[in-house]
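Peer 1: Coordinates in input.cif, mmCIF, C-alpha atoms, are listed below.
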data_final
loop_
_atom_site.label_atom_id
_atom_site.label_comp_id
_atom_site.auth_asym_id
_atom_site.auth_seq_id
_atom_site.Cartn_x
_atom_site.Cartn_y
_atom_site.Cartn_z
CA MET A 12 0.96 -57.23 -12.62
CA TYR A 13 -2.16 -55.10 -12.78
CA SER A 14 -4.43 -58.10 -12.15
CA LEU A 15 -2.54 -58.76 -8.91
CA PHE A 16 -2.86 -55.10 -7.92
CA PHE A 17 -6.57 -55.14 -8.81
CA ASN A 18 -7.22 -58.24 -6.69
CA LEU A 19 -5.21 -56.99 -3.71
CA ILE A 20 -6.29 -53.35 -3.69
CA PHE A 21 -9.09 -52.23 -5.98
CA ARG A 22 -11.27 -55.32 -5.62
CA ARG A 23 -11.38 -54.77 -1.85
CA MET A 24 -12.44 -51.14 -2.23
CA ASP A 25 -15.85 -49.67 -2.92
CA PRO A 26 -15.96 -49.41 -6.75
CA GLU A 27 -16.74 -45.71 -6.83
CA LYS A 28 -13.97 -44.90 -4.35
CA ALA A 29 -11.55 -47.00 -6.38
CA HIS A 30 -12.58 -45.12 -9.51
CA HIS A 31 -11.89 -41.76 -7.89
CA LEU A 32 -8.53 -42.96 -6.55
CA ALA A 33 -7.38 -44.22 -9.95
CA PHE A 34 -8.71 -41.05 -11.54
CA ARG A 35 -6.60 -38.89 -9.20
CA TRP A 36 -3.47 -40.89 -10.08
CA ILE A 37 -4.11 -40.47 -13.80
CA ARG A 38 -4.67 -36.73 -13.45
CA LEU A 39 -1.55 -36.35 -11.30
CA ALA A 40 0.65 -38.24 -13.75
CA ALA A 41 -0.62 -36.10 -16.63
CA ARG A 42 0.45 -32.93 -14.78
CA ILE A 43 4.09 -33.99 -14.42
CA PRO A 44 5.91 -33.42 -17.75
CA VAL A 45 8.59 -36.11 -17.44
CA LEU A 46 6.18 -38.69 -16.07
CA ARG A 47 3.49 -38.09 -18.68
CA THR A 48 6.04 -38.22 -21.51
CA PHE A 49 7.41 -41.53 -20.24
CA ALA A 50 3.91 -42.95 -19.65
CA ALA A 51 2.75 -41.98 -23.14
CA ALA A 52 5.87 -43.52 -24.72
CA VAL A 53 5.15 -46.82 -22.96
CA LEU A 54 1.36 -46.91 -23.02
CA ALA A 55 0.51 -45.08 -26.23
CA PRO A 56 2.83 -46.26 -29.03
CA ARG A 57 1.57 -45.27 -32.48
CA TYR A 58 0.95 -47.61 -35.39
CA LYS A 59 0.80 -45.88 -38.77
CA GLU A 60 -1.43 -48.59 -40.19
CA LEU A 61 -4.12 -47.82 -37.60
CA ARG A 62 -4.54 -44.16 -38.53
CA VAL A 63 -8.13 -43.32 -39.38
CA VAL A 64 -10.15 -40.40 -40.68
CA ALA A 65 -13.55 -40.22 -39.03
CA LEU A 66 -16.04 -37.47 -38.24
CA GLY A 67 -13.83 -35.02 -40.09
CA ARG A 68 -10.84 -35.76 -37.86
CA ARG A 69 -7.53 -37.52 -38.43
CA MET A 70 -6.90 -39.85 -35.50
CA HIS A 71 -3.92 -41.94 -34.42
CA GLY A 72 -6.18 -44.97 -34.27
CA PRO A 73 -9.78 -46.11 -33.91
CA PHE A 74 -9.89 -46.79 -30.16
CA GLY A 75 -11.42 -44.32 -27.75
CA LEU A 76 -12.66 -43.96 -24.21
CA ALA A 77 -16.43 -44.23 -23.90
CA ALA A 78 -18.48 -41.65 -22.04
CA GLY A 79 -18.97 -42.20 -18.32
CA PHE A 80 -15.37 -42.37 -17.14
CA ASP A 81 -14.50 -38.67 -17.38
CA LYS A 82 -17.87 -37.05 -16.77
CA ASN A 83 -16.56 -33.55 -16.08
CA ALA A 84 -13.67 -33.15 -18.55
CA VAL A 85 -10.94 -33.18 -15.92
CA ALA A 86 -8.64 -35.91 -17.28
CA ILE A 87 -8.65 -35.65 -21.07
CA ASP A 88 -4.85 -35.45 -21.31
CA GLY A 89 -4.51 -38.26 -18.79
CA MET A 90 -6.64 -40.59 -20.88
CA ALA A 91 -4.79 -39.62 -24.05
CA MET A 92 -1.55 -40.38 -22.17
CA LEU A 93 -2.90 -43.89 -21.57
CA GLY A 94 -3.35 -44.44 -25.31
CA PHE A 95 -6.96 -43.60 -26.08
CA ASP A 96 -7.20 -42.12 -29.59
CA HIS A 97 -10.32 -40.17 -28.75
CA VAL A 98 -11.93 -39.29 -25.44
CA GLU A 99 -15.65 -38.86 -24.99
CA ILE A 100 -16.52 -36.86 -21.89
CA GLY A 101 -19.85 -36.79 -20.07
CA THR A 102 -22.63 -37.46 -19.91
CA VAL A 103 -23.09 -33.73 -19.21
CA THR A 104 -26.50 -32.25 -18.36
CA ALA A 105 -27.67 -28.65 -18.62
CA GLU A 106 -27.84 -28.30 -14.84
CA PRO A 107 -25.41 -29.74 -12.28
CA GLN A 108 -26.73 -32.76 -10.44
CA PRO A 109 -25.38 -35.17 -7.82
CA GLY A 110 -26.72 -38.30 -9.46
CA ASN A 111 -28.45 -41.13 -7.67
CA PRO A 112 -27.86 -42.05 -4.02
CA LYS A 113 -24.85 -44.21 -3.24
CA LYS A 114 -24.14 -47.13 -3.43
CA ARG A 115 -24.56 -46.94 -7.21
CA LEU A 116 -21.65 -48.77 -8.86
CA PHE A 117 -21.10 -52.53 -8.63
CA ARG A 118 -18.48 -54.92 -10.01
CA LEU A 119 -19.48 -58.33 -11.31
CA VAL A 120 -15.92 -59.64 -11.41
CA PRO A 121 -16.60 -63.23 -12.59
CA ASP A 122 -18.58 -61.78 -15.49
CA ARG A 123 -16.05 -59.00 -16.22
CA ALA A 124 -18.95 -56.57 -15.97
CA LEU A 125 -20.21 -53.53 -14.12
CA ILE A 126 -23.65 -52.37 -13.05
CA ASN A 127 -24.10 -48.65 -12.58
CA ARG A 128 -26.99 -46.41 -11.67
CA MET A 129 -24.92 -43.25 -11.38
CA GLY A 130 -27.66 -41.04 -12.79
CA PHE A 131 -25.60 -38.54 -14.79
CA ASN A 132 -23.72 -37.11 -11.79
CA ASN A 133 -21.84 -34.11 -13.23
CA ASP A 134 -20.98 -30.45 -12.73
CA GLY A 135 -23.41 -29.19 -15.39
CA SER A 136 -22.75 -27.87 -18.88
CA ALA A 137 -21.82 -24.32 -17.83
CA ALA A 138 -19.04 -25.53 -15.54
CA VAL A 139 -17.79 -28.12 -18.04
CA ALA A 140 -17.80 -25.54 -20.84
CA ALA A 141 -15.72 -23.17 -18.70
CA ARG A 142 -13.28 -25.96 -17.95
CA LEU A 143 -12.91 -26.83 -21.63
CA ALA A 144 -12.46 -23.16 -22.57
CA ALA A 145 -9.59 -22.85 -20.08
CA ARG A 146 -7.96 -26.12 -21.15
CA ASN A 147 -4.43 -26.07 -22.58
CA PRO A 148 -4.08 -29.48 -24.27
CA VAL A 149 -0.84 -31.42 -23.81
CA PHE A 150 -1.70 -34.31 -26.14
CA ARG A 151 -3.51 -34.11 -29.46
CA THR A 152 -6.70 -36.10 -29.16
CA THR A 153 -10.20 -35.99 -30.56
CA LEU A 154 -12.76 -34.81 -28.01
CA GLY A 155 -16.33 -36.02 -27.99
CA VAL A 156 -18.92 -34.36 -25.75
CA ASN A 157 -21.85 -36.51 -24.63
CA ILE A 158 -24.97 -34.65 -23.46
CA GLY A 159 -28.06 -35.90 -21.65
CA LYS A 160 -31.25 -34.69 -20.00
CA THR A 161 -31.26 -33.12 -16.55
CA LYS A 162 -33.20 -35.48 -14.27
CA VAL A 163 -35.68 -32.93 -12.90
CA VAL A 164 -36.58 -31.61 -16.34
CA PRO A 165 -39.86 -33.13 -17.56
CA GLU A 166 -39.89 -35.03 -20.82
CA GLU A 167 -41.84 -32.30 -22.63
CA GLU A 168 -39.02 -29.82 -21.85
CA ALA A 169 -36.19 -32.20 -22.82
CA ILE A 170 -35.44 -30.51 -26.15
CA ALA A 171 -34.80 -27.12 -24.54
CA ASP A 172 -32.58 -28.83 -21.96
CA TYR A 173 -30.43 -30.49 -24.63
CA VAL A 174 -30.29 -27.24 -26.62
CA THR A 175 -28.93 -25.38 -23.57
CA SER A 176 -26.08 -27.86 -23.24
CA THR A 177 -25.44 -27.75 -26.98
CA GLU A 178 -25.15 -23.98 -26.99
CA ARG A 179 -22.65 -24.11 -24.14
CA LEU A 180 -20.55 -27.05 -25.27
CA ALA A 181 -20.62 -27.33 -29.07
CA ASN A 182 -17.75 -24.87 -29.55
CA HIS A 183 -15.46 -27.16 -27.54
CA ALA A 184 -16.48 -30.46 -29.14
CA ASP A 185 -14.86 -32.28 -32.04
CA TYR A 186 -18.11 -34.23 -32.11
CA LEU A 187 -21.32 -34.07 -30.09
CA VAL A 188 -23.34 -37.06 -28.84
CA VAL A 189 -27.02 -37.01 -27.86
CA ASN A 190 -27.47 -39.65 -25.17
CA VAL A 191 -31.04 -40.93 -25.03
CA SER A 192 -30.19 -44.45 -23.90
CA SER A 193 -29.10 -44.45 -20.26
CA PRO A 194 -31.50 -46.48 -18.09
CA ASN A 195 -30.73 -44.36 -15.02
CA THR A 196 -32.66 -41.18 -15.85
CA PRO A 197 -36.44 -41.74 -15.69
CA GLY A 198 -38.11 -41.39 -19.07
CA LEU A 199 -34.87 -40.85 -20.98
CA ARG A 200 -35.14 -43.96 -23.12
CA ASN A 201 -38.58 -42.84 -24.30
CA LEU A 202 -36.70 -40.27 -26.38
CA GLN A 203 -35.30 -43.07 -28.57
CA ALA A 204 -38.72 -43.40 -30.21
CA VAL A 205 -38.40 -41.81 -33.64
CA ASP A 206 -41.33 -39.44 -33.07
CA HIS A 207 -39.45 -37.96 -30.09
CA LEU A 208 -35.96 -38.38 -31.49
CA ARG A 209 -36.54 -36.53 -34.78
CA PRO A 210 -37.39 -33.12 -33.24
CA LEU A 211 -34.71 -33.54 -30.58
CA LEU A 212 -31.90 -34.22 -33.06
CA THR A 213 -33.16 -31.51 -35.39
CA ALA A 214 -33.12 -28.95 -32.57
CA VAL A 215 -29.64 -29.96 -31.40
CA ARG A 216 -28.33 -29.81 -34.98
CA GLU A 217 -29.76 -26.31 -35.43
CA ALA A 218 -28.36 -25.17 -32.08
CA ALA A 219 -24.88 -26.47 -32.92
CA ASP A 220 -24.95 -24.78 -36.34
CA ARG A 221 -25.94 -21.36 -35.00
CA THR A 222 -23.52 -21.60 -32.07
CA VAL A 223 -20.38 -22.68 -33.96
CA SER A 224 -19.16 -20.68 -36.93
CA GLY A 225 -16.57 -21.80 -39.44
CA ARG A 226 -17.07 -25.54 -39.03
CA ARG A 227 -19.77 -28.16 -38.74
CA VAL A 228 -19.76 -30.08 -35.47
CA PRO A 229 -20.53 -33.76 -36.19
CA LEU A 230 -23.65 -34.98 -34.38
CA LEU A 231 -24.21 -38.55 -33.21
CA VAL A 232 -26.82 -40.40 -31.18
CA LYS A 233 -26.14 -43.18 -28.66
CA ILE A 234 -28.68 -45.99 -28.50
CA ALA A 235 -29.47 -48.85 -26.14
CA PRO A 236 -28.88 -52.55 -26.84
CA ASP A 237 -32.40 -53.20 -25.54
CA LEU A 238 -34.12 -51.65 -28.57
CA ALA A 239 -36.18 -54.06 -30.62
CA ASP A 240 -34.77 -54.78 -34.06
CA GLU A 241 -37.46 -52.74 -35.78
CA ASP A 242 -36.62 -49.77 -33.56
CA VAL A 243 -32.92 -50.11 -34.44
CA ASP A 244 -33.96 -49.98 -38.10
CA ALA A 245 -36.08 -46.91 -37.44
CA VAL A 246 -33.18 -45.08 -35.79
CA ALA A 247 -30.91 -46.05 -38.69
CA ASP A 248 -33.42 -44.71 -41.22
CA LEU A 249 -33.83 -41.49 -39.21
CA ALA A 250 -30.06 -40.99 -39.11
CA VAL A 251 -29.92 -41.15 -42.90
CA GLU A 252 -32.98 -38.93 -43.26
CA LEU A 253 -31.53 -36.21 -41.00
CA GLY A 254 -27.97 -36.46 -42.31
CA LEU A 255 -26.76 -37.52 -38.87
CA ASP A 256 -23.01 -38.04 -38.70
CA GLY A 257 -22.96 -41.15 -36.56
CA ILE A 258 -24.58 -43.69 -34.24
CA ILE A 259 -22.94 -45.16 -31.15
CA ALA A 260 -23.97 -48.75 -30.51
CA THR A 261 -24.50 -49.39 -27.69
CA ASN A 262 -25.11 -48.11 -24.17
CA THR A 263 -25.65 -50.35 -21.13
CA THR A 264 -28.43 -52.92 -20.86
CA ILE A 265 -31.18 -53.51 -18.33
CA ALA A 266 -31.31 -57.19 -19.36
CA ARG A 267 -30.11 -59.87 -16.93
CA ASP A 268 -31.81 -63.24 -17.42
CA SER A 269 -30.60 -64.00 -20.94
CA LEU A 270 -26.93 -63.14 -20.37
CA GLY A 271 -25.69 -66.20 -18.49
CA LEU A 272 -24.38 -64.19 -15.55
CA VAL A 273 -22.49 -66.18 -12.91
CA SER A 274 -21.84 -63.47 -10.31
CA ASP A 275 -23.50 -63.31 -6.91
CA PRO A 276 -27.28 -63.18 -7.57
CA ALA A 277 -27.62 -60.32 -5.10
CA LEU A 278 -25.30 -58.24 -7.27
CA VAL A 279 -26.99 -59.32 -10.47
CA ARG A 280 -30.31 -58.08 -9.09
CA GLU A 281 -29.00 -54.55 -8.56
CA THR A 282 -30.85 -52.06 -10.72
CA GLY A 283 -29.02 -49.99 -13.31
CA GLY A 284 -27.23 -50.45 -16.59
CA LEU A 285 -25.06 -53.53 -17.09
CA SER A 286 -21.89 -53.09 -19.13
CA GLY A 287 -18.86 -55.17 -20.00
CA ALA A 288 -18.45 -58.65 -21.46
CA PRO A 289 -22.10 -59.80 -21.15
CA VAL A 290 -23.25 -56.97 -23.45
CA LYS A 291 -20.81 -57.93 -26.21
CA GLU A 292 -23.02 -60.16 -28.33
CA ARG A 293 -26.09 -57.93 -28.40
CA SER A 294 -24.01 -54.81 -29.06
CA LEU A 295 -22.39 -56.59 -32.00
CA GLU A 296 -25.82 -57.67 -33.30
CA VAL A 297 -27.08 -54.07 -33.16
CA LEU A 298 -23.97 -52.84 -34.94
CA ARG A 299 -24.36 -55.40 -37.73
CA ARG A 300 -27.99 -54.44 -38.16
CA LEU A 301 -27.15 -50.76 -38.32
CA TYR A 302 -24.42 -51.24 -40.92
CA ALA A 303 -26.68 -53.40 -43.06
CA ARG A 304 -29.14 -50.51 -43.02
CA VAL A 305 -26.88 -47.45 -43.39
CA GLY A 306 -23.68 -48.79 -44.95
CA ASP A 307 -21.02 -46.11 -45.21
CA ARG A 308 -23.50 -43.21 -45.13
CA VAL A 309 -23.31 -42.92 -41.32
CA THR A 310 -20.23 -43.40 -39.14
CA LEU A 311 -20.76 -46.18 -36.60
CA ILE A 312 -18.96 -46.42 -33.27
CA GLY A 313 -18.95 -49.84 -31.61
CA VAL A 314 -18.95 -50.02 -27.83
CA GLY A 315 -20.00 -52.64 -25.31
CA GLY A 316 -17.87 -55.54 -24.10
CA ILE A 317 -14.70 -54.62 -26.00
CA ALA A 318 -11.93 -56.14 -23.90
CA THR A 319 -9.46 -57.44 -26.48
CA ALA A 320 -8.09 -56.63 -29.91
CA GLU A 321 -10.22 -59.45 -31.32
CA ASP A 322 -13.34 -57.83 -29.89
CA ALA A 323 -12.40 -54.52 -31.56
CA TRP A 324 -11.50 -56.24 -34.84
CA GLN A 325 -14.89 -57.96 -34.97
CA ARG A 326 -16.64 -54.58 -34.52
CA ILE A 327 -14.62 -53.09 -37.35
CA LEU A 328 -15.42 -55.97 -39.69
CA ALA A 329 -19.07 -55.59 -38.69
CA GLY A 330 -19.11 -51.93 -39.68
CA ALA A 331 -17.59 -49.79 -36.92
CA THR A 332 -15.17 -47.08 -38.03
CA LEU A 333 -14.33 -46.36 -34.39
CA VAL A 334 -14.56 -48.46 -31.24
CA GLN A 335 -14.69 -47.51 -27.56
CA GLY A 336 -14.09 -49.13 -24.21
CA TYR A 337 -14.75 -48.39 -20.56
CA SER A 338 -15.68 -51.38 -18.38
CA ALA A 339 -12.77 -53.50 -19.60
CA PHE A 340 -10.41 -50.66 -18.67
CA ILE A 341 -11.36 -51.26 -15.02
CA TYR A 342 -10.31 -54.90 -15.31
CA GLU A 343 -7.41 -54.63 -17.78
CA GLY A 344 -5.69 -51.55 -16.32
CA PRO A 345 -3.27 -49.05 -17.85
CA PHE A 346 -1.96 -51.39 -20.57
CA TYR A 347 -5.47 -51.87 -21.98
CA ALA A 348 -5.15 -49.49 -24.94
CA ARG A 349 -1.57 -50.54 -25.68
CA ALA A 350 -2.52 -54.22 -25.93
CA LEU A 351 -5.56 -53.44 -28.04
CA HIS A 352 -3.60 -51.30 -30.51
CA LYS A 353 -0.84 -53.89 -30.81
CA GLY A 354 -3.35 -56.66 -31.46
CA LEU A 355 -5.32 -54.62 -33.97
CA ALA A 356 -2.19 -53.74 -35.93
CA ALA A 357 -1.23 -57.42 -36.06
CA ARG A 358 -4.69 -58.43 -37.28
CA LEU A 359 -4.66 -55.80 -39.98
CA ARG A 360 -1.20 -56.88 -41.19
CA ASN A 361 -2.38 -60.49 -41.39
CA SER A 362 -5.64 -59.62 -43.15
CA PRO A 363 -6.37 -59.10 -46.86
CA TYR A 364 -7.12 -55.42 -46.23
CA ALA A 365 -4.61 -52.71 -47.14
CA THR A 366 -6.00 -50.20 -44.65
CA LEU A 367 -8.23 -50.17 -41.61
CA ALA A 368 -10.83 -48.29 -43.66
CA ASP A 369 -10.93 -51.23 -46.09
CA ALA A 370 -11.79 -53.55 -43.22
CA VAL A 371 -14.79 -51.50 -42.03
CA GLY A 372 -17.92 -53.48 -42.85
CA ALA A 373 -15.93 -56.12 -44.75
CA GLU A 374 -17.94 -58.90 -43.13
CA HIS A 375 -21.14 -57.53 -44.67
CA LYS A 376 -19.56 -56.77 -48.04
CA LYS A 377 -18.25 -60.31 -48.29
CA VAL A 378 -21.75 -61.72 -47.74
CA THR A 379 -23.41 -59.43 -50.28
CA SER A 380 -20.77 -60.10 -52.96
CA SER A 381 -20.91 -63.90 -52.63
#
Starting from the file, lay out its structure as structure tokens.
Peer 2:
Amino acid sequence: MYSLFFNLIFRRMDPEKAHHLAFRWIRLAARIPVLRTFAAAVLAPRYKELRVVALGRRMHGPFGLAAGFDKNAVAIDGMAMLGFDHVEIGTVTAEPQPGNPKKRLFRLVPDRALINRMGFNNDGSAAVAARLAARNPVFRTTLGVNIGKTKVVPEEEAIADYVTSTERLANHADYLVVNVSSPNTPGLRNLQAVDHLRPLLTAVREAADRTVSGRRVPLLVKIAPDLADEDVDAVADLAVELGLDGIIATNTTIARDSLGLVSDPALVRETGGLSGAPVKERSLEVLRRLYARVGDRVTLIGVGGIATAEDAWQRILAGATLVQGYSAFIYEGPFYARALHKGLAARLRNSPYATLADAVGAEHKKVTSS
């Protein structure tokens, strides 16, 4: 049903306009008590066997919404209504910014992929913090807050920029993510180098600790799939060294030639980050490499090309405690999370693992024990 609707309506619309239209419908449904209760009952059934404890939180399941969909924290309850077990808002920058000029979002339908060069368009951390402070949650969900660098801020002032956002937002976050991996902010990916990343993460950790009293806000970093293997290892080692709570693997890719893309070459040549199915293999490789390096000492979140329950299951076996989706949601529609949860529960029941936690990293443990 949704695929027919997508082909007849959304596919004919500009992708960004279609996003805003769908977003308005989700927000509207979440404001109507009877409608949101009915929608949640249909789209967000709970499976006891999928309950997880991660980042100090008990969650209904492992599947969340990746950053980028709800940049300004305006539809958290709407996304929870659709079945996402955690919602990561952002990326939020210290100062409001419009993002890059339009047109900046492109669908590669035959490849089940997106290219975006949005450029962290958002209302700024002060406005988002005010919105979160005034929020009256309808659904219990875990909230991640993803922060990035304001575009006009030079690289040498990046730490202060991230600290400003941390001081404004940490109180409202169940976990905080430092995004240094978007390809759409000039110079941002340079911050993934360990020499730059160490002082940045240290400063954000200190800012979160002095801002929030009574609890420790988990801190994660989100990395790109385009990192060389030795750089992935270096980030993993740094995470252990700093006592980082988690790593999100991975963001979008700037790669094109090696991915076997079959969409219109003119679309493929668009600049920006590519997400969706073509990123799946490299994101899984990075996740496996990270888990081999950090084991259970750091919580890993797998994201990139997760369209089906099998995709999510493979990430869990490879070492992900949590998984996230975004691009596939555009193509799969409102039953996306429901289908993924149902399939995951079935796979767990048919596996040798008693709990989902037992399955995390099982692929690696099997190799090392044989």
Peer 1: Hey, what comes out of the PyMOL selection byres ((chain A and resi 309) around 12) on this file? Could you write it as a PyMOL selection string?
Peer 2: chain A and resi 65-66+229-232+246-259+298+301-308+310-312+330-333+372
Peer 1: Given the point (-30.2, -40.6, -20.5) in the file's coordinates, find the residues that have an atom at most 12 Å from it, counting only C-alpha atoms, and give them as a short mmCIF file (atom, residue, chain, number, x, y, z; two decimals) with C-alpha atoms, in the frame of the given file.
Peer 2:
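To be explicit, this is the file written out as point.cif:
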data_model
loop_
_atom_site.label_atom_id
_atom_site.label_comp_id
_atom_site.auth_asym_id
_atom_site.auth_seq_id
_atom_site.Cartn_x
_atom_site.Cartn_y
_atom_site.Cartn_z
CA ALA A 78 -18.48 -41.65 -22.04
CA GLY A 79 -18.97 -42.20 -18.32
CA GLY A 101 -19.85 -36.79 -20.07
CA THR A 102 -22.63 -37.46 -19.91
CA VAL A 103 -23.09 -33.73 -19.21
CA THR A 104 -26.50 -32.25 -18.36
CA GLY A 110 -26.72 -38.30 -9.46
CA ARG A 128 -26.99 -46.41 -11.67
CA MET A 129 -24.92 -43.25 -11.38
CA GLY A 130 -27.66 -41.04 -12.79
CA PHE A 131 -25.60 -38.54 -14.79
CA ASN A 132 -23.72 -37.11 -11.79
CA ASN A 157 -21.85 -36.51 -24.63
CA ILE A 158 -24.97 -34.65 -23.46
CA GLY A 159 -28.06 -35.90 -21.65
CA LYS A 160 -31.25 -34.69 -20.00
CA THR A 161 -31.26 -33.12 -16.55
CA LYS A 162 -33.20 -35.48 -14.27
CA VAL A 164 -36.58 -31.61 -16.34
CA GLU A 166 -39.89 -35.03 -20.82
CA ALA A 169 -36.19 -32.20 -22.82
CA TYR A 173 -30.43 -30.49 -24.63
CA VAL A 188 -23.34 -37.06 -28.84
CA VAL A 189 -27.02 -37.01 -27.86
CA ASN A 190 -27.47 -39.65 -25.17
CA VAL A 191 -31.04 -40.93 -25.03
CA SER A 192 -30.19 -44.45 -23.90
CA SER A 193 -29.10 -44.45 -20.26
CA PRO A 194 -31.50 -46.48 -18.09
CA ASN A 195 -30.73 -44.36 -15.02
CA THR A 196 -32.66 -41.18 -15.85
CA PRO A 197 -36.44 -41.74 -15.69
CA GLY A 198 -38.11 -41.39 -19.07
CA LEU A 199 -34.87 -40.85 -20.98
CA ARG A 200 -35.14 -43.96 -23.12
CA ASN A 201 -38.58 -42.84 -24.30
CA LEU A 202 -36.70 -40.27 -26.38
CA GLN A 203 -35.30 -43.07 -28.57
CA VAL A 232 -26.82 -40.40 -31.18
CA LYS A 233 -26.14 -43.18 -28.66
CA ILE A 234 -28.68 -45.99 -28.50
CA ALA A 235 -29.47 -48.85 -26.14
CA ASN A 262 -25.11 -48.11 -24.17
CA THR A 263 -25.65 -50.35 -21.13
CA GLY A 283 -29.02 -49.99 -13.31
CA GLY A 284 -27.23 -50.45 -16.59
#
Peer 1: So the first atom is atom CA of Glu241 of chain A and the second is atom CA of Leu285 of chain A; what is the distance between them in Å, to one decimal place?
Peer 2: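 Atom CA of Glu241 of chain A sits 22.4 Å away from atom CA of Leu285 of chain A.
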Peer 1: Mind running segment 16-82 of chain A against segment 115-118 of chain A at 12 Å and telling me each contacting residue's nearest atom pair with the distance in Å (one decimal), counting all atoms listed in the file, chain and number ascending, as a tab-separated table?
Peer 2:
residue	atom	partner	partner_atom	distance
A:Phe17	CA	A:Arg118	CA	12.0
A:Phe21	CA	A:Arg118	CA	10.6
A:Arg22	CA	A:Arg118	CA	8.5
A:Arg23	CA	A:Arg118	CA	10.8
A:Met24	CA	A:Arg118	CA	10.5
A:Asp25	CA	A:Phe117	CA	8.3
A:Pro26	CA	A:Leu116	CA	6.1
A:Glu27	CA	A:Leu116	CA	6.1
A:Lys28	CA	A:Leu116	CA	9.7
A:Ala29	CA	A:Leu116	CA	10.5
A:His30	CA	A:Leu116	CA	9.8
A:Gly79	CA	A:Leu116	CA	11.8
Peer 1: Using only C-alpha atoms, which of A:Glu106, A:Gly344, A:Ala218, A:Leu76 sits nearest Leu154 of chain A?
Peer 2: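 Among A:Glu106, A:Gly344, A:Ala218, A:Leu76, it is A:Leu76 that comes nearest to Leu154 of chain A.
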Peer 1: Between A:Gln325, A:Gln335, A:Ser286, A:Ser294, single out the one closest to Ile126 of chain A, counting all atoms listed in the file.
Peer 2: A:Ser286
Peer 1: Take segment 306-319 of chain A, model N, CA and C atoms, and hand the result over as a PDB file, in the frame of the given file.
Peer 2:
ATOM      1  N   GLY A 306     -24.926 -48.667 -44.208  1.00  0.00           N
ATOM      2  CA  GLY A 306     -23.680 -48.790 -44.950  1.00  0.00           C
ATOM      3  C   GLY A 306     -22.672 -47.740 -44.525  1.00  0.00           C
ATOM      4  N   ASP A 307     -22.048 -47.107 -45.502  1.00  0.00           N
ATOM      5  CA  ASP A 307     -21.020 -46.110 -45.210  1.00  0.00           C
ATOM      6  C   ASP A 307     -21.587 -44.685 -45.142  1.00  0.00           C
ATOM      7  N   ARG A 308     -22.899 -44.546 -45.148  1.00  0.00           N
ATOM      8  CA  ARG A 308     -23.500 -43.210 -45.130  1.00  0.00           C
ATOM      9  C   ARG A 308     -23.458 -42.571 -43.737  1.00  0.00           C
ATOM     10  N   VAL A 309     -23.336 -43.398 -42.713  1.00  0.00           N
ATOM     11  CA  VAL A 309     -23.310 -42.920 -41.320  1.00  0.00           C
ATOM     12  C   VAL A 309     -22.151 -43.598 -40.612  1.00  0.00           C
ATOM     13  N   THR A 310     -21.350 -42.826 -39.895  1.00  0.00           N
ATOM     14  CA  THR A 310     -20.230 -43.400 -39.140  1.00  0.00           C
ATOM     15  C   THR A 310     -20.763 -44.129 -37.917  1.00  0.00           C
ATOM     16  N   LEU A 311     -20.335 -45.375 -37.747  1.00  0.00           N
ATOM     17  CA  LEU A 311     -20.760 -46.180 -36.600  1.00  0.00           C
ATOM     18  C   LEU A 311     -19.610 -46.334 -35.617  1.00  0.00           C
ATOM     19  N   ILE A 312     -19.936 -46.203 -34.353  1.00  0.00           N
ATOM     20  CA  ILE A 312     -18.960 -46.420 -33.270  1.00  0.00           C
ATOM     21  C   ILE A 312     -19.445 -47.608 -32.458  1.00  0.00           C
ATOM     22  N   GLY A 313     -18.606 -48.630 -32.356  1.00  0.00           N
ATOM     23  CA  GLY A 313     -18.950 -49.840 -31.610  1.00  0.00           C
ATOM     24  C   GLY A 313     -18.447 -49.771 -30.194  1.00  0.00           C
ATOM     25  N   VAL A 314     -19.330 -50.024 -29.244  1.00  0.00           N
ATOM     26  CA  VAL A 314     -18.950 -50.020 -27.830  1.00  0.00           C
ATOM     27  C   VAL A 314     -19.831 -51.026 -27.095  1.00  0.00           C
ATOM     28  N   GLY A 315     -19.250 -51.652 -26.082  1.00  0.00           N
ATOM     29  CA  GLY A 315     -20.000 -52.640 -25.310  1.00  0.00           C
ATOM     30  C   GLY A 315     -19.280 -53.973 -25.303  1.00  0.00           C
ATOM     31  N   GLY A 316     -18.543 -54.258 -24.232  1.00  0.00           N
ATOM     32  CA  GLY A 316     -17.870 -55.540 -24.100  1.00  0.00           C
ATOM     33  C   GLY A 316     -16.593 -55.673 -24.906  1.00  0.00           C
ATOM     34  N   ILE A 317     -15.950 -54.565 -25.245  1.00  0.00           N
ATOM     35  CA  ILE A 317     -14.700 -54.620 -26.000  1.00  0.00           C
ATOM     36  C   ILE A 317     -13.526 -54.710 -25.028  1.00  0.00           C
ATOM     37  N   ALA A 318     -13.022 -55.903 -24.848  1.00  0.00           N
ATOM     38  CA  ALA A 318     -11.930 -56.140 -23.900  1.00  0.00           C
ATOM     39  C   ALA A 318     -10.616 -56.448 -24.590  1.00  0.00           C
ATOM     40  N   THR A 319     -10.665 -56.979 -25.797  1.00  0.00           N
ATOM     41  CA  THR A 319      -9.460 -57.440 -26.480  1.00  0.00           C
ATOM     42  C   THR A 319      -9.404 -56.874 -27.898  1.00  0.00           C
TER      43      THR A 319
END
